[in-house]
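**Student:** Dropping in work-v7.cif, with mmCIF, C-alpha atoms and all ligand atoms.
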data_query
#
loop_
_atom_site.label_atom_id
_atom_site.label_comp_id
_atom_site.auth_asym_id
_atom_site.auth_seq_id
_atom_site.Cartn_x
_atom_site.Cartn_y
_atom_site.Cartn_z
CA MET A 2 -11.79 20.19 -19.34
CA GLY A 3 -11.47 23.30 -17.14
CA PRO A 4 -9.13 24.38 -14.34
CA GLU A 5 -10.99 22.55 -11.57
CA HIS A 6 -11.15 19.21 -13.37
CA LEU A 7 -9.57 16.16 -11.74
CA GLU A 8 -7.98 15.06 -15.04
CA SER A 9 -5.33 17.74 -14.54
CA PRO A 10 -1.59 18.30 -15.17
CA GLU A 11 -1.04 17.80 -11.44
CA ARG A 12 -1.54 14.05 -11.96
CA ILE A 13 1.64 13.98 -14.03
CA THR A 14 3.74 16.09 -11.67
CA ILE A 15 2.74 13.95 -8.67
CA ILE A 16 3.78 10.74 -10.43
CA GLU A 17 6.94 12.24 -11.92
CA LYS A 18 8.06 13.29 -8.43
CA ALA A 19 7.28 9.85 -7.01
CA LEU A 20 9.20 8.11 -9.80
CA LYS A 21 12.21 10.34 -9.22
CA GLU A 22 12.19 9.41 -5.53
CA ALA A 23 11.66 5.68 -6.15
CA SER A 24 14.21 2.97 -5.37
CA PHE A 25 14.65 2.24 -9.09
CA LYS A 26 16.13 4.70 -11.56
CA SER A 27 14.08 6.35 -14.30
CA LYS A 28 15.35 8.19 -17.33
CA PHE A 29 13.03 10.90 -18.64
CA ILE A 30 12.79 11.60 -22.38
CA GLU A 31 10.92 14.42 -24.11
CA ALA A 32 8.00 13.13 -26.19
CA ARG A 33 7.55 13.94 -29.86
CA ARG A 34 4.27 14.70 -31.62
CA ALA A 35 2.57 11.99 -33.64
CA THR A 36 2.22 12.65 -37.36
CA ASP A 37 -1.19 12.87 -39.01
CA GLU A 38 -0.40 9.59 -40.80
CA GLU A 39 0.18 7.87 -37.47
CA ILE A 40 -3.08 9.24 -36.02
CA LEU A 41 -4.94 8.14 -39.14
CA THR A 42 -3.98 4.49 -38.62
CA VAL A 43 -6.71 4.56 -35.96
CA HIS A 44 -8.84 7.69 -36.32
CA SER A 45 -10.89 8.98 -39.24
CA GLN A 46 -9.86 12.00 -41.32
CA GLY A 47 -13.11 13.71 -40.33
CA TYR A 48 -12.38 13.36 -36.65
CA LEU A 49 -8.77 14.55 -37.07
CA ASP A 50 -10.09 17.59 -38.95
CA THR A 51 -12.43 18.32 -36.02
CA MET A 52 -9.48 18.19 -33.64
CA TYR A 53 -7.45 20.56 -35.85
CA ARG A 54 -10.37 23.00 -35.95
CA SER A 55 -10.31 23.12 -32.13
CA THR A 56 -6.93 24.93 -32.03
CA GLY A 57 -7.20 28.55 -31.06
CA ILE A 58 -10.71 28.11 -29.68
CA ALA A 59 -11.14 28.48 -25.94
CA ARG A 60 -13.46 25.53 -25.46
CA ILE A 61 -15.33 23.01 -27.61
CA LYS A 62 -17.54 20.44 -25.97
CA MET A 63 -16.78 17.19 -27.82
CA THR A 64 -19.05 14.99 -25.72
CA GLU A 65 -20.90 15.38 -22.43
CA ASP A 66 -17.78 14.79 -20.31
CA THR A 67 -14.94 15.85 -22.63
CA SER A 68 -14.02 19.23 -24.08
CA THR A 69 -10.99 20.81 -25.74
CA ASN A 70 -9.10 24.02 -25.01
CA MET A 71 -6.47 25.91 -27.04
CA PHE A 72 -3.76 23.39 -26.18
CA THR A 73 -5.59 20.09 -26.42
CA LEU A 74 -4.59 19.20 -29.98
CA ASP A 75 -0.92 19.74 -29.24
CA ALA A 76 -1.11 17.76 -26.00
CA ALA A 77 -3.06 14.93 -27.64
CA LEU A 78 -0.61 14.68 -30.56
CA THR A 79 2.29 14.61 -28.10
CA SER A 80 0.60 12.01 -25.90
CA ALA A 81 0.13 9.76 -28.95
CA GLY A 82 3.65 10.47 -30.28
CA GLY A 83 5.32 9.67 -26.97
CA GLY A 84 3.55 6.32 -26.92
CA ILE A 85 4.91 5.46 -30.36
CA GLN A 86 8.44 6.48 -29.32
CA MET A 87 8.11 4.17 -26.35
CA VAL A 88 6.95 1.06 -28.22
CA GLU A 89 9.64 1.53 -30.82
CA ASN A 90 12.17 1.18 -28.02
CA SER A 91 10.59 -1.69 -26.13
CA LYS A 92 13.34 -4.24 -26.56
CA HIS A 93 15.43 -3.50 -23.50
CA ASN A 94 13.74 -1.23 -20.98
CA HIS A 95 10.29 -1.01 -19.50
CA GLY A 96 8.81 2.24 -20.74
CA PHE A 97 6.12 4.45 -19.26
CA SER A 98 4.33 7.01 -21.34
CA LEU A 99 3.63 9.46 -18.52
CA LEU A 100 1.61 11.75 -20.73
CA ARG A 101 -1.91 13.07 -20.90
CA PRO A 102 -4.56 13.23 -22.19
CA PRO A 103 -5.19 9.52 -21.67
CA GLY A 104 -6.50 7.47 -24.58
CA HIS A 105 -8.40 4.25 -23.97
CA HIS A 106 -11.93 5.71 -24.24
CA ALA A 107 -11.28 7.49 -27.56
CA THR A 108 -12.92 5.73 -30.50
CA GLN A 109 -12.16 6.03 -34.19
CA ASN A 110 -14.52 8.99 -34.53
CA ALA A 111 -15.05 10.45 -31.09
CA ALA A 112 -13.45 11.89 -27.97
CA MET A 113 -14.92 10.74 -24.69
CA GLY A 114 -13.97 9.98 -21.09
CA PHE A 115 -11.24 12.71 -21.12
CA CYS A 116 -9.56 10.94 -24.09
CA PHE A 117 -8.97 12.38 -27.60
CA PHE A 118 -6.61 10.07 -29.48
CA ASN A 119 -6.33 6.41 -28.57
CA ASN A 120 -2.63 6.39 -27.68
CA ILE A 121 -2.24 2.67 -27.10
CA ALA A 122 -4.09 1.71 -30.29
CA ILE A 123 -1.99 4.14 -32.36
CA ALA A 124 1.18 2.70 -30.81
CA ALA A 125 0.00 -0.86 -31.46
CA ASN A 126 -0.57 -0.04 -35.12
CA ALA A 127 2.88 1.53 -35.35
CA ILE A 128 4.53 -1.82 -34.54
CA ARG A 129 2.31 -4.19 -36.51
CA ASP A 130 5.12 -5.00 -38.95
CA LYS A 131 7.45 -5.93 -36.15
CA TYR A 132 5.09 -7.88 -33.89
CA LYS A 133 2.35 -10.15 -35.19
CA LYS A 134 0.44 -10.86 -31.99
CA ILE A 135 -0.13 -7.99 -29.58
CA LEU A 136 -1.76 -8.28 -26.16
CA ILE A 137 -3.28 -5.05 -24.91
CA LEU A 138 -3.86 -5.47 -21.21
CA ASP A 139 -5.97 -2.73 -19.65
CA ILE A 140 -5.96 -2.52 -15.87
CA ASP A 141 -7.57 0.91 -15.59
CA GLN A 142 -10.73 0.38 -13.57
CA HIS A 143 -12.86 1.60 -16.48
CA PHE A 144 -13.49 -0.44 -19.61
CA GLY A 145 -11.36 0.90 -22.48
CA ASN A 146 -14.28 1.00 -24.87
CA GLY A 147 -12.28 2.84 -27.55
CA THR A 148 -9.43 0.33 -27.68
CA ALA A 149 -11.88 -2.60 -27.61
CA ASP A 150 -13.91 -1.11 -30.44
CA ILE A 151 -10.86 -0.37 -32.62
CA PHE A 152 -9.65 -3.99 -32.42
CA LYS A 153 -12.98 -5.81 -32.04
CA ASP A 154 -12.61 -7.77 -35.29
CA ASP A 155 -8.83 -8.15 -35.24
CA PRO A 156 -7.57 -11.70 -34.55
CA ASP A 157 -3.99 -10.56 -33.88
CA VAL A 158 -4.71 -8.01 -31.15
CA LEU A 159 -6.15 -9.43 -27.95
CA TYR A 160 -7.80 -6.70 -25.91
CA MET A 161 -8.15 -7.78 -22.29
CA SER A 162 -9.61 -5.51 -19.63
CA LEU A 163 -10.19 -5.81 -15.89
CA HIS A 164 -12.73 -3.20 -14.91
CA ALA A 165 -15.56 -2.40 -12.55
CA ASP A 166 -19.02 -3.69 -13.44
CA PRO A 167 -20.38 -1.60 -16.37
CA GLN A 168 -23.76 -1.46 -14.65
CA ILE A 169 -22.23 0.85 -12.06
CA SER A 170 -19.17 2.25 -13.81
CA TYR A 171 -18.36 4.51 -16.77
CA PRO A 172 -18.66 4.02 -19.75
CA GLY A 173 -21.51 1.56 -19.16
CA THR A 174 -20.18 -1.02 -21.63
CA GLY A 175 -17.66 -3.85 -21.36
CA PHE A 176 -19.87 -6.68 -20.20
CA ALA A 177 -18.22 -10.09 -20.00
CA SER A 178 -20.46 -11.32 -22.80
CA ASN A 179 -18.74 -8.93 -25.27
CA VAL A 180 -16.01 -11.15 -26.73
CA GLY A 181 -15.29 -9.43 -30.04
CA ILE A 182 -16.74 -10.02 -33.50
CA LYS A 183 -15.98 -11.72 -36.83
CA GLU A 184 -12.30 -12.71 -37.12
CA GLY A 185 -11.74 -11.20 -33.68
CA LEU A 186 -14.30 -13.40 -31.93
CA GLY A 187 -12.79 -14.44 -28.60
CA LYS A 188 -10.08 -11.77 -28.85
CA THR A 189 -11.87 -9.35 -26.53
CA VAL A 190 -11.75 -10.49 -22.92
CA ASN A 191 -13.81 -8.45 -20.49
CA ILE A 192 -13.27 -9.26 -16.85
CA SER A 193 -15.91 -7.15 -15.15
CA LEU A 194 -15.54 -6.95 -11.41
CA PRO A 195 -18.10 -6.43 -8.63
CA TRP A 196 -18.42 -3.12 -6.82
CA LYS A 197 -15.83 -2.55 -4.08
CA LEU A 198 -13.82 -5.64 -5.02
CA LYS A 199 -10.72 -6.07 -2.88
CA ASP A 200 -7.11 -7.07 -3.57
CA SER A 201 -7.26 -10.84 -3.04
CA ASP A 202 -10.22 -11.32 -5.40
CA TYR A 203 -8.60 -9.04 -7.99
CA LEU A 204 -5.53 -11.30 -7.99
CA VAL A 205 -7.81 -14.33 -8.51
CA ALA A 206 -9.11 -12.64 -11.66
CA LEU A 207 -5.53 -12.20 -12.84
CA ASP A 208 -4.36 -15.70 -11.90
CA GLU A 209 -7.37 -17.70 -13.06
CA ILE A 210 -8.50 -15.78 -16.15
CA ALA A 211 -6.18 -13.04 -17.39
CA ILE A 212 -2.84 -14.86 -17.21
CA PRO A 213 -3.99 -18.31 -18.47
CA ILE A 214 -5.73 -16.71 -21.48
CA SER A 215 -2.70 -14.52 -22.16
CA GLU A 216 -0.51 -17.63 -22.10
CA GLN A 217 -2.68 -19.34 -24.68
CA PHE A 218 -2.74 -16.26 -26.90
CA ASN A 219 1.07 -16.27 -26.68
CA PRO A 220 1.71 -12.62 -27.61
CA ASP A 221 4.90 -11.28 -29.16
CA ILE A 222 4.55 -8.16 -27.02
CA ILE A 223 2.31 -6.79 -24.24
CA LEU A 224 1.16 -3.19 -24.22
CA LEU A 225 -0.34 -2.08 -20.94
CA SER A 226 -2.99 0.52 -20.16
CA LEU A 227 -2.22 1.48 -16.57
CA GLY A 228 -4.86 3.28 -14.55
CA VAL A 229 -4.66 3.40 -10.79
CA ASP A 230 -8.27 4.45 -10.36
CA GLY A 231 -9.08 1.06 -8.83
CA LEU A 232 -7.77 2.43 -5.53
CA GLU A 233 -10.34 2.61 -2.74
CA ASP A 234 -12.10 5.99 -2.70
CA ASP A 235 -10.84 7.10 -6.10
CA PRO A 236 -13.37 9.82 -7.03
CA TYR A 237 -14.14 8.10 -10.35
CA GLY A 238 -13.57 4.52 -9.21
CA HIS A 239 -15.69 1.69 -7.88
CA LEU A 240 -13.16 -0.85 -6.62
CA SER A 241 -11.45 -1.06 -3.22
CA LEU A 242 -7.83 -1.83 -4.03
CA THR A 243 -4.78 -0.89 -1.97
CA THR A 244 -1.51 0.47 -3.31
CA ASP A 245 0.16 -2.86 -2.41
CA VAL A 246 -1.90 -4.77 -4.92
CA TYR A 247 -0.39 -2.66 -7.68
CA TYR A 248 2.97 -4.17 -6.72
CA GLU A 249 1.45 -7.64 -7.06
CA ILE A 250 -0.23 -6.80 -10.37
CA GLY A 251 3.07 -5.48 -11.70
CA ARG A 252 4.96 -8.51 -10.40
CA ARG A 253 2.54 -10.96 -12.00
CA ILE A 254 2.61 -9.12 -15.34
CA GLY A 255 6.41 -8.97 -15.14
CA ASP A 256 6.56 -12.70 -14.47
CA PHE A 257 4.21 -13.51 -17.35
CA ASN A 258 6.18 -11.22 -19.64
CA LYS A 259 9.51 -12.74 -18.69
CA ARG A 260 8.26 -16.21 -19.50
CA ASN A 261 6.39 -15.35 -22.67
CA THR A 262 7.89 -12.49 -24.68
CA ASN A 263 11.33 -11.21 -25.57
CA ASN A 264 10.37 -7.62 -24.90
CA LYS A 265 9.75 -5.26 -22.05
CA VAL A 266 6.28 -3.90 -21.24
CA PRO A 267 5.48 -0.47 -22.71
CA THR A 268 2.98 1.08 -20.30
CA PHE A 269 0.51 3.85 -21.09
CA PHE A 270 -0.87 6.16 -18.44
CA GLU A 271 -4.66 6.21 -18.33
CA GLY A 272 -6.76 7.11 -15.25
CA GLY A 273 -6.17 7.58 -11.52
CA TYR A 274 -7.53 10.53 -9.57
CA LYS A 275 -6.84 9.83 -5.92
CA TYR A 276 -4.06 12.38 -5.74
CA ASP A 277 -2.65 11.38 -2.33
CA LEU A 278 -1.95 7.78 -3.46
CA LEU A 279 -1.36 8.18 -7.20
CA GLY A 280 2.42 8.34 -6.95
CA GLU A 281 2.71 5.51 -4.44
CA ALA A 282 0.47 3.14 -6.45
CA THR A 283 2.34 3.87 -9.69
CA VAL A 284 5.76 3.38 -8.11
CA LYS A 285 4.64 0.11 -6.51
CA PHE A 286 3.37 -1.11 -9.87
CA PHE A 287 6.80 -0.59 -11.43
CA GLU A 288 8.58 -2.08 -8.42
CA GLY A 289 6.57 -5.23 -9.06
CA LEU A 290 7.09 -5.16 -12.83
CA LEU A 291 10.84 -4.81 -12.31
CA ASN A 292 10.91 -7.57 -9.72
CA PRO A 293 9.08 -10.57 -11.21
CA ASP A 294 10.95 -13.05 -9.00
CA GLY A 295 10.24 -11.04 -5.85
CA GLU A 296 8.34 -12.24 -2.85
CA GLU A 297 4.55 -12.40 -3.04
CA ARG A 298 3.07 -9.68 -0.82
CA ILE A 299 -0.63 -10.47 -1.23
CA LYS A 300 -2.15 -13.87 -1.90
CA ALA A 301 -4.91 -14.48 -4.39
CA GLU A 302 -7.94 -15.66 -2.48
CA LEU A 303 -11.48 -15.99 -3.72
CA THR A 304 -14.24 -14.58 -1.52
CA PRO A 305 -18.00 -15.02 -1.93
CA LYS A 306 -18.19 -11.46 -3.29
CA PHE A 307 -16.52 -12.53 -6.54
CA SER A 308 -17.28 -16.25 -6.84
CA TYR A 309 -20.53 -15.94 -8.85
CA GLN A 310 -19.08 -13.43 -11.32
CA LEU A 311 -15.86 -15.44 -11.66
CA ARG A 312 -17.86 -18.55 -12.61
CA LYS A 313 -19.88 -16.52 -15.09
CA ILE A 314 -16.82 -15.05 -16.83
CA LYS A 315 -15.13 -18.45 -16.96
CA SER A 316 -18.19 -20.04 -18.55
CA ILE A 317 -18.10 -17.36 -21.28
CA GLN A 318 -14.34 -17.58 -21.85
CA ARG A 319 -14.33 -21.40 -21.88
CA LYS A 320 -15.90 -21.26 -25.33
CA HIS A 321 -12.76 -19.57 -26.67
CA TRP A 322 -9.91 -20.67 -24.41
CA ILE A 323 -8.96 -24.13 -23.10
CA GLY A 324 -8.89 -24.91 -19.41
CA ILE A 325 -10.47 -21.71 -18.12
ZN ZN A 401 -10.24 5.01 -15.60
#
Show me the file's structure as structure tokens.

**Tutor:**
Amino acid sequence: MGPEHLESPERITIIEKALKEASFKSKFIEARRATDEEILTVHSQGYLDTMYRSTGIARIKMTEDTSTNMFTLDAALTSAGGGIQMVENSKHNHGFSLLRPPGHHATQNAAMGFCFFNNIAIAANAIRDKYKKILILDIDQHFGNGTADIFKDDPDVLYMSLHADPQISYPGTGFASNVGIKEGLGKTVNISLPWKLKDSDYLVALDEIAIPISEQFNPDIILLSLGVDGLEDDPYGHLSLTTDVYYEIGRRIGDFNKRNTNNKVPTFFEGGYKYDLLGEATVKFFEGLLNPDGEERIKAELTPKFSYQLRKIKSIQRKHWIGI
């Protein structure tokens, strides 16, 4: 995207350093490249050909906000391959695919939003034989339009996203009224959140919509798109979350996972551009995920800022899920 761009390699080094200094132990493994066959479970041959043609060329503008350089194909294949490696080993340890480019905006035929291959979708398809029902939970503060689009008619993959209101936030889609199509009707859950939403309301969205629906869906495994761009003052974000809420989000997901699946939670790195808090927020997320029985640090509490939108989302979801 260019040397000055915020979606930079520094994001990885900051988080890697923070994970190495964290109270829990991490083991780092080199990622492998995805094969063409694995990429083609999600993307079209034409689009893959376009990506291959980009090698050796200094810069190709794929869309308004996303361009390749000489190394993008290799990085994108490795980012997708590392995700597959992780899900294939999800039985015993929580995994984190700390790789870039991110993936959740990439559609079958197009790069966008700094994403080239949809890493989480490719990984989900790699384990379809092993797991029938897959929950993809996306807590990046942007709607993962690519992932949603890829699984929009799939009854066995529930795509659930908590993101800032599409009227104010990229990519401008992901309204609560979009609930999937055909066989996948009801299997897209968009929880769009008001501008500058704070921690306690965010936890209400998790407790009153995301977790009850996830329980009813009863997944065999959860794959997580983790973005920490919901932090207050993230340059691309529109929410006002603190790093502490990432502990609570992790703890709640860990608790749900412990009660509902026999696997750990493979986690994919998406957005997050507030460099001074990136590492802290990510570490706190994993502290929570690893500590599902831990003490609650922030209480869910509904404020008037979110009450109208919460009612609206519930009235939409009630048509597909009981007791929402
Ligand atoms: Zn994002």

**Student:** Using only C-alpha atoms and all ligand atoms for the distances, tell me which of A:Leu232, A:Ile151, A:Met87, A:Leu303 is nearest to ligand ZN 401 (chain A).

**Tutor:** A:Leu232

**Student:** Within 12 Å of Asp50 of chain A, counting all atoms listed in the file, which residues show up once you throw out same-chain ones fewer than 4 positions away? Write them as a list in words, please.

**Tutor:**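 Selected residues are Asp37, Ile40, Leu41, His44, Ser45, Gln46, Arg54, Ser55, Thr56, Leu74, Asn110 and Ala111 of chain A.
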
**Student:** Excluding same-chain residues fewer than 2 positions from Ile250 of chain A, what lies within 12 Å of it counting all atoms listed in the file, as a PyMOL selection string?

**Tutor:** chain A and resi 138-141+163+200-201+203-208+211-212+225+227-229+231+242-248+252-257+282-283+285-293+297-301

**Student:** Kindly provide, as a list in words, all nucleotide and amino acid residues lying within 9 Å of ligand ZN 401 (chain A), counting only C-alpha atoms and all ligand atoms.

**Tutor:**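 Checked against 9 Å with only C-alpha atoms and all ligand atoms; the hits are His105, His106, Gly114, Ile140, Asp141, Gln142, His143, Phe144, Gly145, His164, Tyr171, Leu227, Gly228, Val229, Asp230, Gly231, Tyr237, Gly238, Glu271, Gly272, Gly273 and Tyr274 of chain A.
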
**Student:** Using only C-alpha atoms for the distances, tell me which of A:Lys259, A:Arg101, A:His95, A:Lys188 is nearest to Leu224 of chain A.

**Tutor:**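 Distance minimum relative to Leu224 of chain A lands on A:His95.
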
**Student:** Find the residue from A:Gly147, A:Gly96, A:Pro172, A:Gly3 that sits nearest to Lys26 of chain A; use only C-alpha atoms when measuring.

**Tutor:** A:Gly96

**Student:** Near Phe72 of chain A, within 8 Å and counting all atoms listed in the file, which residues show up once chain neighbours fewer than 3 positions away are dropped, as a PyMOL selection string?

**Tutor:** chain A and resi 56-57+69+75-76

**Student:** Please output segment 128-145 of chain A, rebuilt to include N, CA and C atoms, as a short mmCIF file (atom, residue, chain, number, x, y, z; two decimals), keeping the file's coordinate frame.

**Tutor:**
data_model
loop_
_atom_site.label_atom_id
_atom_site.label_comp_id
_atom_site.auth_asym_id
_atom_site.auth_seq_id
_atom_site.Cartn_x
_atom_site.Cartn_y
_atom_site.Cartn_z
N ILE A 128 3.56 -0.70 -34.61
CA ILE A 128 4.53 -1.82 -34.54
C ILE A 128 3.97 -3.11 -35.14
N ARG A 129 2.92 -2.97 -35.94
CA ARG A 129 2.31 -4.19 -36.51
C ARG A 129 3.26 -4.98 -37.40
N ASP A 130 4.17 -4.30 -38.08
CA ASP A 130 5.12 -5.00 -38.95
C ASP A 130 6.12 -5.82 -38.15
N LYS A 131 6.41 -5.32 -36.96
CA LYS A 131 7.45 -5.93 -36.15
C LYS A 131 6.90 -7.06 -35.27
N TYR A 132 5.68 -6.90 -34.80
CA TYR A 132 5.09 -7.88 -33.89
C TYR A 132 3.75 -8.34 -34.44
N LYS A 133 3.62 -9.65 -34.62
CA LYS A 133 2.35 -10.15 -35.19
C LYS A 133 1.24 -10.12 -34.13
N LYS A 134 1.52 -10.75 -32.99
CA LYS A 134 0.44 -10.86 -31.99
C LYS A 134 0.68 -9.91 -30.82
N ILE A 135 -0.27 -9.02 -30.61
CA ILE A 135 -0.13 -7.99 -29.58
C ILE A 135 -1.22 -8.18 -28.51
N LEU A 136 -0.80 -8.25 -27.27
CA LEU A 136 -1.76 -8.28 -26.16
C LEU A 136 -1.86 -6.87 -25.59
N ILE A 137 -3.05 -6.32 -25.60
CA ILE A 137 -3.28 -5.05 -24.91
C ILE A 137 -4.00 -5.36 -23.61
N LEU A 138 -3.29 -5.19 -22.53
CA LEU A 138 -3.86 -5.47 -21.21
C LEU A 138 -4.21 -4.14 -20.57
N ASP A 139 -5.45 -4.01 -20.16
CA ASP A 139 -5.97 -2.73 -19.65
C ASP A 139 -6.40 -2.92 -18.21
N ILE A 140 -5.62 -2.35 -17.29
CA ILE A 140 -5.96 -2.52 -15.87
C ILE A 140 -6.51 -1.23 -15.25
N ASP A 141 -6.81 -0.24 -16.09
CA ASP A 141 -7.57 0.91 -15.59
C ASP A 141 -8.91 0.36 -15.11
N GLN A 142 -9.49 0.96 -14.09
CA GLN A 142 -10.73 0.38 -13.57
C GLN A 142 -11.97 0.67 -14.42
N HIS A 143 -11.76 1.40 -15.52
CA HIS A 143 -12.86 1.60 -16.48
C HIS A 143 -12.58 0.79 -17.74
N PHE A 144 -13.62 0.28 -18.34
CA PHE A 144 -13.49 -0.44 -19.61
C PHE A 144 -12.96 0.51 -20.68
N GLY A 145 -11.92 0.08 -21.39
CA GLY A 145 -11.36 0.90 -22.48
C GLY A 145 -12.16 0.68 -23.76
#
